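Asks: The structure under discussion is supplied below as C-alpha cells; questions concerning it will follow.
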Amino acid sequence: MSRHVAIVTDSTAYLPPRAMERHGITAVPLTVVLGDRALEEGTEISTRSLAQALQKRRSVTTSRPSPQVFAETYRRVAAAGADGIVSLHLSAELSGTYDAAVLAAREAPVPVRVVDTGMIAMALGFCALTAAETAAAGGTVDEAVTAAEKRAAGTSAYFYVDTLDYLRRGGRMGAAQALFGSALAVKPLLQLDDGRIELLEKVRTASRAIARLEELAAERAAGAEVDIAVHHLAAPDRAAALADRLRVRVPGLADLHVSEVGAVIGAHTGPGLLGAVVSLR
C-alpha cells in the first residue's frame with residue numbers, strides 16, 4: 001500500500017468533481033436545515049430547491065459537520081493509505097467547521113493538520129488544489145500546509161448580492177448595515193476580509209454593481225498569473241457573461257472556473273448572487 005499525504009476539505013469549497021477525483025481530495029459535507037429536515041450539501045439538497053425555499057421565505061439554516069463525521073473521514077482516508085492528512089476548511093469566522101475538525105484530529109490514526117484558511121467557495125478550493133498538487137509532488141504535511149497558506153494569502157473574493165437580507169437573517173452581517181442597504185435601495189458589493197464577509201461598496205443599480213465587480217476582479221488580477229472562479233446562485237447568464245468578459249480582460253488568466261454555489265453559501269446570500277474569486281499562482 002502506497003503512503004501519501006491526503007487532502008480533506010469541506011463542501012463549501014465547491015470544487016469541480018473531476019478536479020476532486022483527479023487530485024484525490026475528500027470533501028466533508030456541511031448541512032442545510034430546511035424546515036425540520038437536515039440535508040447534506042451536495043447530495044441531498046439542490047440549489048434549485050434552496051432558491052425556491054428562500055423565495056418562499058421558508059426557514060433555512062446551516063450547520064457544521066459533527067466531530068464524529070470528521071473522525072470517520074480521517075479513519076477512512078488513513079485506511080486508504082494516507083500517512084498524514086491536511087484538512088483545509090472555510091473561515092472559522094463563518095462556521096464552526098474548523099473547530100469540529102480540530103476535535104476529531106486529536107483522535108485520528110495518523111497526524112492531521114487542520115487549517116483555518118479564512119476562505120470560502122473556490123477561494124478555499126484553490127487552497128485545496130494547491131495543497132493536493134504539493135502532496136502529489138512528494139511534499140510533506142508541513143509543505144502542503146505552507147503551500148495552501150501562501151495560496152490563501154494571495155486570494156481575494158468579491159461578491160454581489162441582490163439584498164443583504166439573507167446575510168442579516170443568517171447572522172453573517174450586522175442588522176444595522178443590512179437595514180441601511182435596504183433603506184437606500186442600494187446594491188451591495190461584499191468582500192472576504194480577514195475571514196469575515198464585509199460590506200465593501202454600495203452601488204445604486206445591479207448593472208453598475210456587476211460592472212464594479214468586474215473591475216475589482218480585473219484590477220486584482222492585473223500583471224499576474226491568476227486563476228479565477230466565477231460563482232452564482234440562480235444567475236447562470238450573469239455568471240457566463242462575467243466570465244466571458246474576464247477572459248478578455250485578464251491576460252494572465254491560467255484557469256477559469258464557472259460554477260453555481262451550493263446550498264450553504266446560497267442560504268446566506270440568496271438568489272442572484274454573483275461572485276469573483278481571484279487567486280494568484
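Just so we're on the same page: first chain in the C-alpha cells is A, next is B, and so on; residues restart at 1 for each chain, and ligands are numbered from 1 in the order they show up.
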Output as a PyMOL selection string all residues of region 2-162 of chain A that backbone DSSP marks as strand (DSSP E).

Replies: chain A and resi 4-10+26-28+31-34+37-40+60-63+82-89+112-116+155-160

Asks: Extract, using only C-alpha atoms, all DNA, RNA and protein residues at most 6 Å from Ile228 (chain A), discarding same-chain residues fewer than 5 positions from it, and format them as a PyMOL selection string.

Replies: chain A and resi 256+277-278

Asks: Which residues of region 109-202 of chain A come within 10 Å of region 68-75 of chain A, and what is each one's closest atom pair and distance in Å (one decimal), counting only C-alpha atoms, sorted by chain and residue number, as CSV?

Replies:
residue,atom,partner,partner_atom,distance
A:Pro109,CA,A:Arg75,CA,6.5
A:Val110,CA,A:Tyr74,CA,8.1
A:Pro111,CA,A:Tyr74,CA,9.6
A:Val112,CA,A:Tyr74,CA,8.2

Asks: Could you pull the residues within 9 Å of Ala235 (chain A), counting only C-alpha atoms, minus those fewer than 4 positions along the same chain, as number ranges by chain?

Replies: A: 239-240, 260, 271-274

Asks: Show me, as an NGL selection string, the residues that have an atom within 12 Å of Ser259 (chain A) when counting only C-alpha atoms, minus same-chain residues fewer than 4 positions from it.

Replies: :A and (13-17 or 47 or 121-122 or 125 or 228-240 or 243 or 273-277)

Asks: Sort by chain and increasing residue number a table of all residues of region 244-270 of chain A within 9 Å of region 25-36 of chain A, each with its closest pair of atoms and their distance in Å to one decimal, counting only C-alpha atoms, and write it as JSON lines.

Replies:
{"residue": "A:Ala263", "atom": "CA", "partner": "A:Val32", "partner_atom": "CA", "distance": 6.8}
{"residue": "A:Val264", "atom": "CA", "partner": "A:Val32", "partner_atom": "CA", "distance": 6.2}
{"residue": "A:Ala267", "atom": "CA", "partner": "A:Val32", "partner_atom": "CA", "distance": 8.1}

Asks: If we count only C-alpha atoms, what is near Val5 (chain A) at a cut-off of 6 Å, once residues fewer than 2 positions away on the same chain are taken out, given as a list in words?

Replies: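 Surrounding residues, per the criterion: Ala82, Gly84, Ile85 and Ala135 of chain A.
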
Asks: With distances taken over only C-alpha atoms, which residue among A:Val8, A:Gln191, A:Ser59, A:Leu213 lies nearest Ala105 (chain A)?

Replies: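 Nearest to Ala105 (chain A): A:Val8.
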
Asks: For Ala92 (chain A), which residue among A:Asp10, A:Ala53, A:Arg113, A:Gly118 is the nearest when counting only C-alpha atoms?

Replies: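 Ranked by minimum distance to Ala92 (chain A), first place goes to A:Gly118.
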
Asks: Kindly give the distance, in Å, that separates CA of His89 (chain A) and CA of Ala254 (chain A), rounded to a single decimal.

Replies: 24.0 Å

Asks: Need the shell around Ala100 (chain A): protein/DNA/RNA residues with any atom at most 8 Å away, counting only C-alpha atoms. Skip same-chain ones fewer than 4 positions apart. Format as a short mmCIF file (atom, residue, chain, number, x, y, z; two decimals) with N, CA, C and O atoms, in the first residue's frame?

Replies:
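The resulting result32.cif:
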data_model
loop_
_atom_site.label_atom_id
_atom_site.label_comp_id
_atom_site.auth_asym_id
_atom_site.auth_seq_id
_atom_site.Cartn_x
_atom_site.Cartn_y
_atom_site.Cartn_z
N ARG A 64 -22.63 22.95 10.88
CA ARG A 64 -21.32 22.36 10.63
C ARG A 64 -21.42 20.84 10.65
O ARG A 64 -22.36 20.27 11.24
N PRO A 65 -20.43 20.14 10.08
CA PRO A 65 -20.34 18.69 10.28
C PRO A 65 -19.99 18.41 11.75
O PRO A 65 -19.32 19.21 12.40
N SER A 66 -20.39 17.28 12.25
CA SER A 66 -20.05 16.92 13.62
C SER A 66 -18.61 16.42 13.69
O SER A 66 -18.05 15.96 12.69
N PRO A 67 -17.99 16.49 14.86
CA PRO A 67 -16.66 15.89 15.00
C PRO A 67 -16.64 14.41 14.63
O PRO A 67 -15.64 13.90 14.10
N PHE A 70 -16.12 14.01 10.92
CA PHE A 70 -14.71 14.22 10.58
C PHE A 70 -13.86 13.02 11.01
O PHE A 70 -12.97 12.58 10.28
N GLY A 96 -18.45 26.81 12.45
CA GLY A 96 -17.74 26.01 13.44
C GLY A 96 -17.09 24.78 12.85
O GLY A 96 -16.63 23.91 13.60
N ALA A 104 -11.81 16.31 16.08
CA ALA A 104 -11.66 14.98 15.50
C ALA A 104 -10.20 14.63 15.25
O ALA A 104 -9.80 13.46 15.38
#

Asks: Just checking: using only C-alpha atoms, which residue out of A:Val186, A:Leu280, A:Ala19, A:Ala38 ends up closest to Gly154 (chain A)?

Replies: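 Among the listed residues, A:Leu280 lies closest to Gly154 (chain A).
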
Asks: May I have all residues of region 144-240 of chain A that DSSP, computed from the backbone, assigns to alpha helix (DSSP H), given as number ranges by chain?

Replies: A: 144-153, 165-169, 175-183, 206-221, 236-240

Asks: Looking at A:Phe159, A:Glu107, A:Glu93, A:Asp194, which one is nearest to Ala211 (chain A), with distances taken over only C-alpha atoms?

Replies: A:Phe159

Asks: So what do you get for CA of Lys187 (chain A) versus CA of Thr163 (chain A), distance-wise?

Replies: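 If I compute the distance from CA of Lys187 (chain A) to CA of Thr163 (chain A), I get 6.8 Å.
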